[in-house]
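Enquirer: Got a structure here, written out as structure tokens. Questions coming.
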Amino acid sequence: MPPPSLDPSAPFDPVPGVARRLDLPPRGVAAVVALLEDGNTMPFIARYRKEATGGLDEVQIAAVEAAWKGALALEKRRDVILHAIAEQGKLDAAIERVIRACDDKQALEDLYLPYKRKRKTRASTARERGLGPLAERMLSQAPSGHPERDAVRFVGAEVPDAAAALAGARDIVAEAMSERADVRAVTRELTVRHGRVTAKAVKKTTEGERTRFEDYYAFEEALGRVASHRYLAIRRGEAEGVLRVGVTLDADAMVGRLVRTMGLADRSPWAAQLAEAIREGYARLLAPSIENEVRGDLGDWAEREAVEVFATNLRNLLLAAPYGKHAVVAMDPGFRTGCKCAALDPTGRFLGAVTVYPHTTKDPSVAAAELVAFVRRHKAEAVAVGSGTAGRETFDFARAALADAGMTSVTVVSVSEVGASVYSASEAARDEFPTLDLTVRGAISIGRRLQDPLAELVKVDPKSLGVGQYQHDVTEGLLGERLDGVVASCVNHVGVELDTASAALLAHVAGIGPTLAKRIVAWRDEHGAFPTRAELLAVPGLGPKTYEQAAGFLRIRASKNPLDASAVHPERYALVERMAQDLGVEVRRLVGDPALAARIEVRRYVGGDVGEPTLRDILAELARPGRDPRDSFEAPRFRDDVRTLEDLVPGMEMEGVVTNVTAFGAFVDIGVHQDGLVHVSELADRFVKDPFAVVQVGKRIAVRVVSVDRERKRIALSAKRG
């Protein structure tokens with residue numbers, strides 16, 4: 001007999017469910033799905049297809065994409081389950097209707113659980129011994145009968161007595177109960193609502209020794225209140241064999257609820273047997289299974305929270321204010337090996353290097369003279385000093401050397417060098433500077449970070465930038481995908497100078513990718529600067545679709561077409577030409593003239609696929625073409641009398657730079673080689689739930705020293721005014 005038809009009454013459409021789940025307009029969701037299916041990128045959709053999506057931003061579009069893919073995966077799994085049940089000959093219209101109506105992944109698996117093929121269990125053994133009918137009497141709560149006497153009929157070679165028969169029947173009932181979707185749902189709900197996460201020290205590994213997990217040797221907290229960073233910490237302790245972690249629940253209360261769910265009839269002679277089966281099934285099957293599920297969900301949530309912390313920090317780091325197109329001398333500090341100095345022109349081009357030794361000579365004036373001469377020779381406007389080992393000493397040396405030489409106009413800036421060594425040893429660095437020493441490459445990276453943080457930091461794996469929270473405890477794929485999305489978002493938000501951008505930077509422009517980025521650079525090296533955006537189509541492998549996605553995010557300042565220096569997309573050039581013609585001016589005069597742009601009547605140009613959102617964006621670009629959305633640069637200022645941990649005294653007030661933000665507070669560089677922690681409770685005079693609402697990576701912040709633990713190298717800071 002063929003299985004029942006598995007064809008749904010109508011083709012699967014994920015849009016209504018996605019729109020409902022995200023509380024977004026179905027029309028906008030449908031447009032996003034259609035655009036994604038057509039190969040459009042998220043930055044392109046958000047910037048240049050606002051009319052189609054109803055103005056959905058990147059965050060909403062990303063949510064739509066994730067929910068859409070999730071809905072498709074759920075539908076695929078649903079079909080697999082329906083086919084599997086049909087192959088067993090157990091699929092009927094009622095079962096199919098319930099499964100097709102289910103829109104939750106876990107609930108769907110619960111529905112499938114009774115039909116899954118299982119390895120040998122106590123229940124399957126009992127069934128093989130013919131105890132199924134006895135179990136049915138327990139489950140049905142028969143109004144008559146006597147369990148012990150009725151069980152005698154099932155005694156045989158493999159069932160020695162009535163007690164064994166009843167035990168086997170309870171095994172069958174326990175498994176049936178543990179596989180019921182409603183039972184699992186109520187157990188899961190109550191576990192999440194009332195469960196407590198516990199952690200205990202594993203005595204054999206922790207007795208008499210201190211570990212970084214000692215705060216969790218006797219930990220207990222309501223599951224719903226556990227912070228993501230705390231759960232990741234105890235999960236790491238469990239993985240390292242230091243902690244034993246679990247989820248506890250009042251078993252008696254849970255069994256009482258399950259007794260009601262299973263419909264136990266007090267007057268039935270089988271009630272006591274069913275109650276015992278429920279208790280056994282909960283302890284042996286249901287509780288461990290649900291605990292694993294709940295802990296898995298809790299871990300997934302904690303990982304997502306950690307990823308979002310990392311993503312927010314990374315975005316703020318990448319969008320830090322650039323020093324801009326100014327000549328820079330960068331210093332990679334060192335004590336014994338000296339300080340490697342690299343000179344860069346305003347575009348970041350390497351001009352030369354020198355090594356000075358201010359910390360190993362009895363006469364540092366020689367090193368000072370060499371540094372001053374090097375700065376003068378290359379007409380540097382700033383000196384960027386790496387913040388690592390010898391960083392503060394080198395910072396003070398450079399500032400004093402320049403001041404003594406009367407060069408007070410040259411700014412000395414401390415620059416985070418986290419990840420610079422990763423870049424200097426990378427294949428990209430070797431390709432760019434094959435003959436240079438690692439430390440010189442590191443100095444170049446430090447200088448370029450000052451000039452344009454975004455352009456330089458994209459060359460480094462985001463996970464090496466030190467702005468995460470338990471990043472090593474997060475699934476690699478989840479973290480990598482999210483961070484790649486952040487980098488791409490930042491690059492396209494700022495825009496890229498086509499004629500100077502590295503392949504690493506171009507690779508993140510919408511539609512391009514690493515391979516095509518290298519081809520663009522190779523074409524540029526062979527043919528020179530791109531005269532117009534349209535010339536991109538001459539690059540091998542770059543077709544019309546890629547051009548459509550990328551063009552609006554690329555800038556050519558010296559282009560023959562002034563619009564190429566703006567974020568106006570080439571598909572709207574004709575529209576701008578019409579605007580200029582209506583104003584009686586040339587396009588070149590219109591671009592960059594706010595007064596002329598203000599005279600354009602928006603409604604006059606609405607039509608077709610062009611609406612007011614696109615027109616407003618065009619007018620903003622005409623007024624300020626290619627405007628950098630990042631903040632203006634302002635160098636941080638450290639206290640002259642504080643250079644090391646030993647200089648710190650509780651009560652000191654100073655300025656620092658936020659280097660990392662976590663769920664529990666913010667780390668701040670105050671110029672002593674060791675970041676201090678401003679706990680979330682010390683971030684403001686008011687209650688702070690979300691640290692990101694108060695501080696951001698890269699921002700300057702006024703702090704006060706609360707305490708200093710020199711042995712453990714821990715600094716507690718406060719940002720409160722009171």
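So you can find residues: chains in the structure tokens are A, B, ... in the order shown, residues in each start at 1, and ligands are numbered from 1 in order.
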Per residue of range 564-672 of chain A within 12 Å of range 406-425 of chain A, record the nearest atom pair and its distance in Å to one decimal, counting only C-alpha atoms, with rows in chain order and ascending residue number, as JSON lines.

Expert:
{"residue": "A:Phe633", "atom": "CA", "partner": "A:Val413", "partner_atom": "CA", "distance": 11.0}
{"residue": "A:Glu634", "atom": "CA", "partner": "A:Val413", "partner_atom": "CA", "distance": 9.5}
{"residue": "A:Ala635", "atom": "CA", "partner": "A:Val413", "partner_atom": "CA", "distance": 6.1}
{"residue": "A:Pro636", "atom": "CA", "partner": "A:Val413", "partner_atom": "CA", "distance": 7.3}
{"residue": "A:Arg637", "atom": "CA", "partner": "A:Val413", "partner_atom": "CA", "distance": 8.6}
{"residue": "A:Phe638", "atom": "CA", "partner": "A:Ser414", "partner_atom": "CA", "distance": 9.3}
{"residue": "A:Gly656", "atom": "CA", "partner": "A:Ser414", "partner_atom": "CA", "distance": 11.0}
{"residue": "A:Val657", "atom": "CA", "partner": "A:Ser416", "partner_atom": "CA", "distance": 10.0}
{"residue": "A:Val658", "atom": "CA", "partner": "A:Ser416", "partner_atom": "CA", "distance": 10.8}
{"residue": "A:Thr659", "atom": "CA", "partner": "A:Ser416", "partner_atom": "CA", "distance": 8.5}
{"residue": "A:Asn660", "atom": "CA", "partner": "A:Ser416", "partner_atom": "CA", "distance": 11.6}
{"residue": "A:Val668", "atom": "CA", "partner": "A:Ser416", "partner_atom": "CA", "distance": 11.8}
{"residue": "A:Asp669", "atom": "CA", "partner": "A:Ser416", "partner_atom": "CA", "distance": 9.4}
{"residue": "A:Ile670", "atom": "CA", "partner": "A:Ser414", "partner_atom": "CA", "distance": 10.7}
{"residue": "A:Gly671", "atom": "CA", "partner": "A:Ser414", "partner_atom": "CA", "distance": 8.6}
{"residue": "A:Val672", "atom": "CA", "partner": "A:Ser414", "partner_atom": "CA", "distance": 11.7}

Enquirer: List the spatial neighbours of range 490-496 of chain A as a tab-separated table (two decimals) with C-alpha atoms, in the first residue's frame - criterion: any atom at most 6 Å away, only C-alpha atoms, same-chain residues fewer than 5 positions off excluded.

Expert:
chain	number	residue	atom	x	y	z
A	509	VAL	CA	32.96	45.62	-0.60
A	553	PHE	CA	30.41	51.82	-2.26
A	554	LEU	CA	33.55	52.67	-4.25
A	555	ARG	CA	34.92	56.22	-4.49

Enquirer: Taking the DSSP secondary structure from the backbone, can you list the residues of range 286-533 of chain A that are alpha helix (DSSP H), as a count of residues only?

Expert: 127

Enquirer: Which residue gives the smallest distance to Glu51 in chain A among A:Val307, A:Val610, A:Ala239, A:Ala167, with only C-alpha atoms counted?

Expert: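 Nearest to Glu51 in chain A: A:Val610.
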
Enquirer: I'd like the neighbourhood of Leu82 in chain A as a list in words, where a residue qualifies if any of its atoms comes within 9 Å (using only C-alpha atoms), though same-chain residues fewer than 6 positions away should be ignored.

Expert: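 Returned residues: Leu6, Leu91, Ile95, Glu96, Ile99, Arg100 and Tyr112 of chain A.
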
Enquirer: Write out the residues from the selection above, keeping C-alpha atoms, as an mmCIF file, in the first residue's frame.

Expert:
data_model
loop_
_atom_site.group_PDB
_atom_site.id
_atom_site.type_symbol
_atom_site.label_atom_id
_atom_site.label_comp_id
_atom_site.auth_asym_id
_atom_site.auth_seq_id
_atom_site.Cartn_x
_atom_site.Cartn_y
_atom_site.Cartn_z
ATOM 1 C CA LEU A 6 2.895 14.211 1.384
ATOM 2 C CA LEU A 91 1.315 8.474 8.679
ATOM 3 C CA ILE A 95 -0.525 13.281 12.151
ATOM 4 C CA GLU A 96 0.397 15.073 8.942
ATOM 5 C CA ILE A 99 3.306 18.178 11.864
ATOM 6 C CA ARG A 100 2.608 20.650 9.054
ATOM 7 C CA TYR A 112 8.801 12.853 15.680
#

Enquirer: Would you return as a list in words the members of range 294-349 of chain A that DSSP assigns to strand (DSSP E or B) on this structure's backbone?

Expert: Val328, Val329, Ala330, Met331, Asp332, Cys339, Lys340, Cys341, Ala342, Ala343 and Leu344 of chain A

Enquirer: For Val33 in chain A, which residue out of A:Gly89, A:Tyr547, A:Arg47, A:Ala66 is the nearest one, using only C-alpha atoms?

Expert: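 Of all the options, A:Ala66 lies closest to Val33 in chain A.
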